[in-house]
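**Q** Quick one: the structure is below, and I'll ask about it shortly.
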Amino acid sequence: MRKVVTIGEILVEIMATEPGDGFNAPIALVGPYPSGAPAIFIDQVARLGHPGGIIGCVGADDFGRLNLDRLRADGVDVSAVRVDAELPTGTAFVRYRSDGGRDFVFNIKHSACGAVRATPQSAALLAEAGHLHVMGSSLFSPALVEATLSALEEIKGRGGTISFDPNIRKEMLGLPGLEAALHAVLERTDLFLPSGQELFLFTSAREEASAVAEILTRARAVVIKRGADGSSYFDRDAAFHAAAFPAKEVDPTGAGDCFAGAFVVGWLNGVAPGEALRRANAAGALAVTRKGPMEGAASAAELDRFLASHG
Ligand code: ATP
Ligand code: MG
């Protein structure tokens with residue numbers, strides 16, 4: 001099996017217990033929960049029994065240990081997660097709005113998350129990798145962009161594959177160098193996994209079918225995540241749509257990352273695209289039913305049971 005590697009933020013999420021607008025007064029909070037888009041993604045990959053590892057950095061604190069313990073317990077290779085002696089582990093405070101939107105207060109760039117650097121351990125992990133998953137949310141500093149692009153070249157250079165989830169939050173737009181980095185990654189992407197308007201970040205086309213066609217002149221496949229409307233797969237020869245499974249949405253954060261983890265595992269193991277979509281939809285549906293972004297990452301047995309009970 002081709003080992004999957006990702007690079008980026010490992011953090012804790014602390015969430016408001018009640019919906020509302022932001023953090024402008026004292027409110028009740030719950031957490032910490034293990035989080036970070038690439039961390040959730042790779043946790044889902046490992047929970048499905050596929051080898052996976054992450055290059056990242058946490059602080060020498062409880063938030064860092066919470067993440068390392070969880071990732072390790074779920075089978076993620078954390079040998080390339082550096083523990084920084086000075087910087088605290090990253091944090092994200094999230095509050096849902098009543099319209100379903102989210103407000104975040106992030107401490108990522110100036111936390112241990114921003115101190116990812118090449119180490120002998122990261123070189124060793126990359127040397128074993130057959131696939132790299134890039135999260136746009138991880139391209140928040142020149143050092144992270146540099147680490148990601150150099151890993152990308154190395155893995156592509158030996159015949160490996162790249163998947164890319166733009167995963168852009170409104171709080172990130174306008175970061176210097178972000179747009180150029182996103183374009184550089186897309187140029188080398190095999191499997192592109194946007195959600196919502198992210199498809200159009202990279203195209204002159206303004207309508208879905210032509211935007212997909214434009215991306216497919218470069219990438220081998222495009223998978224569009226559509227929240228409660230399911231997902232779609234496109235390559236140069238075929239298109240599949242899969243309706244979402246019914247799910248009681250408790251916490252949608254992390255659904256996209258669990259979806260991507262499950263889809264990439266299927267794709268790498270030669271599962272037919274329609275079936276890989278269905279499994280990924282199941283992973284996304286299970287993810288939204290659990291409070292906490294990483295709590296809903298399902299094992300292969302849980303996915304099988306869920307799929308069996310949903311026809
Ligand atoms: P994230 O906020 O984690 O970045 P995303 O925008 O990348 O999310 P979504 O499209 O929200 O990803 O969710 C990914 C997948 O999870 C969907 O394609 C769908 O299969 C499943 N999913 C999400 N929300 C629901 C829901 N309410 N009911 C059932 N399935 C859902
Ligand atoms: Mg996402």
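Each chain of the structure tokens is named A, B, ... in the order shown, its residues numbered from 1; ligands are numbered from 1 in display order.
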If we count only C-alpha atoms, what is near region 85-93 of chain A at a cut-off of 12 Å, once residues fewer than 2 positions away on the same chain are taken out, given as a short mmCIF file (atom, residue, chain, number, x, y, z; two decimals) with N, CA and C atoms, in the first residue's frame?

**A**
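part_35.cif, written as the output of this step:
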data_model
loop_
_atom_site.label_atom_id
_atom_site.label_comp_id
_atom_site.auth_asym_id
_atom_site.auth_seq_id
_atom_site.Cartn_x
_atom_site.Cartn_y
_atom_site.Cartn_z
N GLY A 8 1.27 19.83 7.88
CA GLY A 8 0.54 21.02 8.30
C GLY A 8 0.09 21.04 9.74
N GLU A 9 -0.94 21.84 9.97
CA GLU A 9 -1.31 22.23 11.33
C GLU A 9 -1.95 21.11 12.14
N ILE A 10 -1.44 20.98 13.35
CA ILE A 10 -2.00 20.08 14.36
C ILE A 10 -2.35 21.01 15.51
N LEU A 11 -3.62 21.05 15.89
CA LEU A 11 -4.01 22.04 16.89
C LEU A 11 -5.15 21.51 17.73
N VAL A 12 -5.56 22.26 18.73
CA VAL A 12 -6.78 21.89 19.44
C VAL A 12 -7.87 22.87 19.07
N GLU A 13 -9.09 22.34 19.07
CA GLU A 13 -10.24 23.19 18.83
C GLU A 13 -11.04 23.30 20.13
N ILE A 14 -11.47 24.52 20.40
CA ILE A 14 -12.29 24.79 21.58
C ILE A 14 -13.54 25.48 21.05
N MET A 15 -14.68 24.91 21.33
CA MET A 15 -15.89 25.41 20.68
C MET A 15 -16.90 25.99 21.65
N ALA A 16 -17.63 27.01 21.16
CA ALA A 16 -18.72 27.59 21.94
C ALA A 16 -19.83 26.56 22.05
N THR A 17 -20.44 26.45 23.21
CA THR A 17 -21.52 25.47 23.35
C THR A 17 -22.82 25.96 22.71
N GLY A 22 -19.70 35.13 17.09
CA GLY A 22 -18.33 35.36 17.54
C GLY A 22 -18.13 35.31 19.04
N PHE A 23 -17.09 35.99 19.47
CA PHE A 23 -16.58 35.85 20.85
C PHE A 23 -16.47 37.21 21.52
N ILE A 27 -18.57 33.47 27.16
CA ILE A 27 -19.54 32.44 26.76
C ILE A 27 -19.00 31.08 27.22
N ALA A 28 -19.86 30.10 27.26
CA ALA A 28 -19.46 28.74 27.64
C ALA A 28 -18.75 28.06 26.48
N LEU A 29 -17.66 27.37 26.80
CA LEU A 29 -16.83 26.72 25.79
C LEU A 29 -16.64 25.26 26.16
N VAL A 30 -16.39 24.43 25.15
CA VAL A 30 -16.06 23.03 25.42
C VAL A 30 -14.85 22.62 24.58
N GLY A 31 -14.01 21.83 25.15
CA GLY A 31 -12.78 21.40 24.49
C GLY A 31 -11.73 21.19 25.56
N PRO A 32 -10.49 20.93 25.19
CA PRO A 32 -9.92 20.87 23.85
C PRO A 32 -10.22 19.56 23.13
N TYR A 33 -10.40 19.68 21.80
CA TYR A 33 -10.53 18.52 20.91
C TYR A 33 -9.34 18.50 19.96
N PRO A 34 -8.78 17.32 19.67
CA PRO A 34 -7.73 17.23 18.65
C PRO A 34 -8.26 17.75 17.32
N SER A 35 -7.43 18.52 16.59
CA SER A 35 -7.91 19.10 15.35
C SER A 35 -6.76 19.51 14.43
N GLY A 36 -7.13 20.24 13.38
CA GLY A 36 -6.20 20.62 12.32
C GLY A 36 -6.58 19.81 11.09
N ALA A 37 -6.90 20.50 9.98
CA ALA A 37 -7.41 19.78 8.81
C ALA A 37 -6.51 18.62 8.37
N GLY A 56 4.56 17.78 11.09
CA GLY A 56 3.95 18.91 11.78
C GLY A 56 4.74 19.27 13.01
N CYS A 57 4.16 20.15 13.82
CA CYS A 57 4.85 20.59 15.03
C CYS A 57 3.82 20.94 16.10
N VAL A 58 4.06 20.47 17.32
CA VAL A 58 3.20 20.83 18.46
C VAL A 58 4.10 21.40 19.56
N GLY A 59 3.47 22.01 20.55
CA GLY A 59 4.22 22.50 21.70
C GLY A 59 4.42 21.40 22.72
N ALA A 60 5.32 21.68 23.69
CA ALA A 60 5.55 20.72 24.79
C ALA A 60 4.51 20.98 25.86
N ASP A 61 3.24 20.79 25.53
CA ASP A 61 2.16 21.11 26.46
C ASP A 61 1.04 20.07 26.33
N ASP A 62 0.03 20.19 27.16
CA ASP A 62 -1.06 19.21 27.14
C ASP A 62 -1.77 19.17 25.79
N PHE A 63 -1.93 20.32 25.13
CA PHE A 63 -2.63 20.35 23.84
C PHE A 63 -1.85 19.52 22.80
N GLY A 64 -0.52 19.63 22.87
CA GLY A 64 0.31 18.83 21.96
C GLY A 64 0.20 17.35 22.28
N ARG A 65 0.28 17.03 23.58
CA ARG A 65 0.21 15.61 23.98
C ARG A 65 -1.15 15.01 23.64
N LEU A 66 -2.21 15.78 23.82
CA LEU A 66 -3.55 15.30 23.48
C LEU A 66 -3.61 14.85 22.02
N ASN A 67 -3.04 15.67 21.15
CA ASN A 67 -3.03 15.33 19.72
C ASN A 67 -2.14 14.13 19.43
N LEU A 68 -0.93 14.15 19.97
CA LEU A 68 -0.01 13.05 19.67
C LEU A 68 -0.57 11.72 20.17
N VAL A 81 6.52 14.52 13.67
CA VAL A 81 5.92 15.67 14.37
C VAL A 81 6.95 16.15 15.39
N ARG A 82 7.42 17.36 15.19
CA ARG A 82 8.43 17.94 16.08
C ARG A 82 7.73 18.53 17.31
N VAL A 83 8.34 18.38 18.47
CA VAL A 83 7.81 19.02 19.67
C VAL A 83 8.69 20.23 19.96
N ARG A 95 -17.09 29.25 16.82
CA ARG A 95 -18.50 29.40 17.23
C ARG A 95 -19.37 29.36 16.00
N TYR A 96 -20.37 28.51 16.06
CA TYR A 96 -21.33 28.44 14.95
C TYR A 96 -22.29 29.61 15.04
N ARG A 102 -19.59 29.91 10.35
CA ARG A 102 -18.71 29.74 11.50
C ARG A 102 -17.79 30.94 11.64
N ASP A 103 -17.51 31.34 12.87
CA ASP A 103 -16.47 32.32 13.15
C ASP A 103 -15.35 31.62 13.89
N PHE A 104 -14.11 31.95 13.53
CA PHE A 104 -12.96 31.34 14.18
C PHE A 104 -12.08 32.42 14.81
N VAL A 105 -11.41 32.09 15.90
CA VAL A 105 -10.23 32.84 16.34
C VAL A 105 -9.09 31.82 16.31
N PHE A 106 -8.13 32.05 15.43
CA PHE A 106 -7.03 31.09 15.24
C PHE A 106 -5.76 31.60 15.93
N ASN A 107 -5.01 30.70 16.53
CA ASN A 107 -3.60 30.98 16.84
C ASN A 107 -2.80 29.86 16.20
N ILE A 108 -2.43 30.09 14.93
CA ILE A 108 -1.78 29.03 14.16
C ILE A 108 -0.39 29.47 13.72
N LYS A 109 -0.37 30.58 12.99
CA LYS A 109 0.89 31.04 12.40
C LYS A 109 1.97 31.27 13.46
N HIS A 110 1.58 31.83 14.60
CA HIS A 110 2.57 32.17 15.62
C HIS A 110 2.60 31.15 16.75
N SER A 111 2.08 29.97 16.46
CA SER A 111 2.15 28.85 17.42
C SER A 111 3.14 27.82 16.88
N ALA A 112 3.23 26.69 17.54
CA ALA A 112 4.09 25.60 17.06
C ALA A 112 3.73 25.20 15.63
N CYS A 113 2.46 25.36 15.25
CA CYS A 113 2.04 25.02 13.87
C CYS A 113 2.91 25.71 12.83
N GLY A 114 3.32 26.95 13.13
CA GLY A 114 4.10 27.72 12.17
C GLY A 114 5.59 27.37 12.18
N ALA A 115 5.98 26.47 13.08
CA ALA A 115 7.40 26.15 13.25
C ALA A 115 7.75 24.79 12.63
N VAL A 116 6.94 24.38 11.64
CA VAL A 116 7.26 23.14 10.91
C VAL A 116 8.54 23.39 10.12
N GLU A 171 -10.98 33.65 6.93
CA GLU A 171 -9.96 34.31 7.74
C GLU A 171 -8.57 34.27 7.07
N THR A 253 -17.69 20.51 11.30
CA THR A 253 -16.24 20.70 11.13
C THR A 253 -15.55 19.34 11.06
N GLY A 292 -16.90 17.64 17.86
CA GLY A 292 -15.44 17.60 17.84
C GLY A 292 -14.99 17.19 16.45
N PRO A 293 -14.03 17.93 15.88
CA PRO A 293 -13.67 17.74 14.47
C PRO A 293 -13.07 16.38 14.13
#

**Q** Could you give me, as a ChimeraX atom specification, each residue of region 46-92 of chain A that DSSP assigns to strand (DSSP E) when run on this structure's backbone?

**A** /A:52-59,81-84,90-92

**Q** At most 12 Å is the cut-off: for each residue in region 104-188 of chain A with any atom that close to an atom of region 220-230 of chain A, write down the nearest atom pair and the distance in Å rounded to one decimal, counting only C-alpha atoms, chain first then increasing number, as a Markdown table.

**A**
| residue | atom | partner | partner_atom | distance |
| --- | --- | --- | --- | --- |
| A:Thr161 | CA | A:Arg220 | CA | 10.2 |
| A:Ile162 | CA | A:Arg220 | CA | 10.2 |
| A:Ser163 | CA | A:Ala221 | CA | 9.5 |
| A:Phe164 | CA | A:Val222 | CA | 9.7 |
| A:Asp165 | CA | A:Val223 | CA | 9.6 |
| A:Pro166 | CA | A:Ile224 | CA | 11.3 |
| A:Asn167 | CA | A:Lys225 | CA | 10.9 |
| A:Leu186 | CA | A:Val222 | CA | 11.2 |
| A:Glu187 | CA | A:Arg220 | CA | 11.2 |
| A:Arg188 | CA | A:Arg220 | CA | 10.2 |

**Q** Grab me every residue within 10 Å of ligand 2, counting only C-alpha atoms and all ligand atoms, and send it over as a VMD selection string.

**A** chain A and resid 37 41 135 to 137 165 to 169 193 to 196 198 225 227 252 to 260

**Q** The selected residues should be written to file as a CSV table (one decimal), in the first residue's frame (atoms: C-alpha atoms).

**A**
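Listing of again.csv after writing:
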chain,number,residue,atom,x,y,z
A,37,ALA,CA,-7.4,19.8,8.8
A,41,PHE,CA,-7.4,13.8,7.2
A,135,MET,CA,-4.4,21.2,2.4
A,136,GLY,CA,-4.6,24.8,1.3
A,137,SER,CA,-5.2,25.8,4.9
A,165,ASP,CA,-8.1,20.1,-0.9
A,166,PRO,CA,-8.1,23.9,-1.0
A,167,ASN,CA,-9.9,24.1,2.4
A,168,ILE,CA,-9.7,27.9,2.5
A,169,ARG,CA,-11.3,29.8,5.4
A,193,LEU,CA,-11.1,17.9,-3.9
A,194,PRO,CA,-12.7,21.4,-3.7
A,195,SER,CA,-15.9,22.2,-1.9
A,196,GLY,CA,-18.4,24.9,-2.8
A,198,GLU,CA,-13.3,26.7,-4.1
A,225,LYS,CA,-17.8,18.0,-1.9
A,227,GLY,CA,-22.2,19.1,2.2
A,252,PRO,CA,-19.9,19.7,10.5
A,253,THR,CA,-16.2,20.7,11.1
A,254,GLY,CA,-14.0,17.9,9.9
A,255,ALA,CA,-16.5,16.3,7.6
A,256,GLY,CA,-14.6,17.4,4.5
A,257,ASP,CA,-11.3,16.1,5.9
A,258,CYS,CA,-12.8,12.7,6.8
A,259,PHE,CA,-14.5,12.6,3.4
A,260,ALA,CA,-11.1,13.3,1.7

**Q** Which residues, written as a ChimeraX atom specification, have at least one atom at most 9 Å from region 176-183 of chain A, with only C-alpha atoms counted and residues fewer than 5 positions away on the same chain left out?

**A** /A:136,139-142,145,149,166,201-202

**Q** Can you tell me, as a PyMOL selection string, what residues are no more than 7 Å from His241 (chain A) when counting only C-alpha atoms, ignoring any on the same chain fewer than 6 positions away?

**A** chain A and resi 231-233

**Q** Grab the residues selected above and save them as a tab-separated table (two decimals), in the first residue's frame with N, CA and C atoms.

**A**
chain	number	residue	atom	x	y	z
A	231	SER	N	-21.79	14.44	-3.09
A	231	SER	CA	-20.51	14.71	-3.75
A	231	SER	C	-20.56	14.20	-5.19
A	232	SER	N	-19.61	14.68	-5.99
A	232	SER	CA	-19.53	14.29	-7.39
A	232	SER	C	-18.08	14.03	-7.77
A	233	TYR	N	-17.91	13.09	-8.69
A	233	TYR	CA	-16.58	12.72	-9.20
A	233	TYR	C	-16.54	12.95	-10.70

**Q** Tell me, in Å to one decimal, how far atom 15 (C, counted along the ligand's line) of ligand 1 is from CA of Glu146 (chain A).

**A** 29.2 Å

**Q** Record the distance separating CA of Asp304 (chain A) and CA of Lys248 (chain A), expressed in Å with one decimal.

**A**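 That distance, rounded to one decimal, is 18.9 Å.
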
**Q** Just the helix (DSSP H, G or I) stuff from region 135-164 of chain A, please, per backbone DSSP, written as a list in words.

**A**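 Result set for region 135-164 of chain A (helix (DSSP H, G or I)): Gly136, Ser137, Ser138, Pro142, Ala143, Leu144, Val145, Glu146, Ala147, Thr148, Leu149, Ser150, Ala151, Leu152, Glu153, Glu154, Ile155, Lys156 and Gly157 of chain A.
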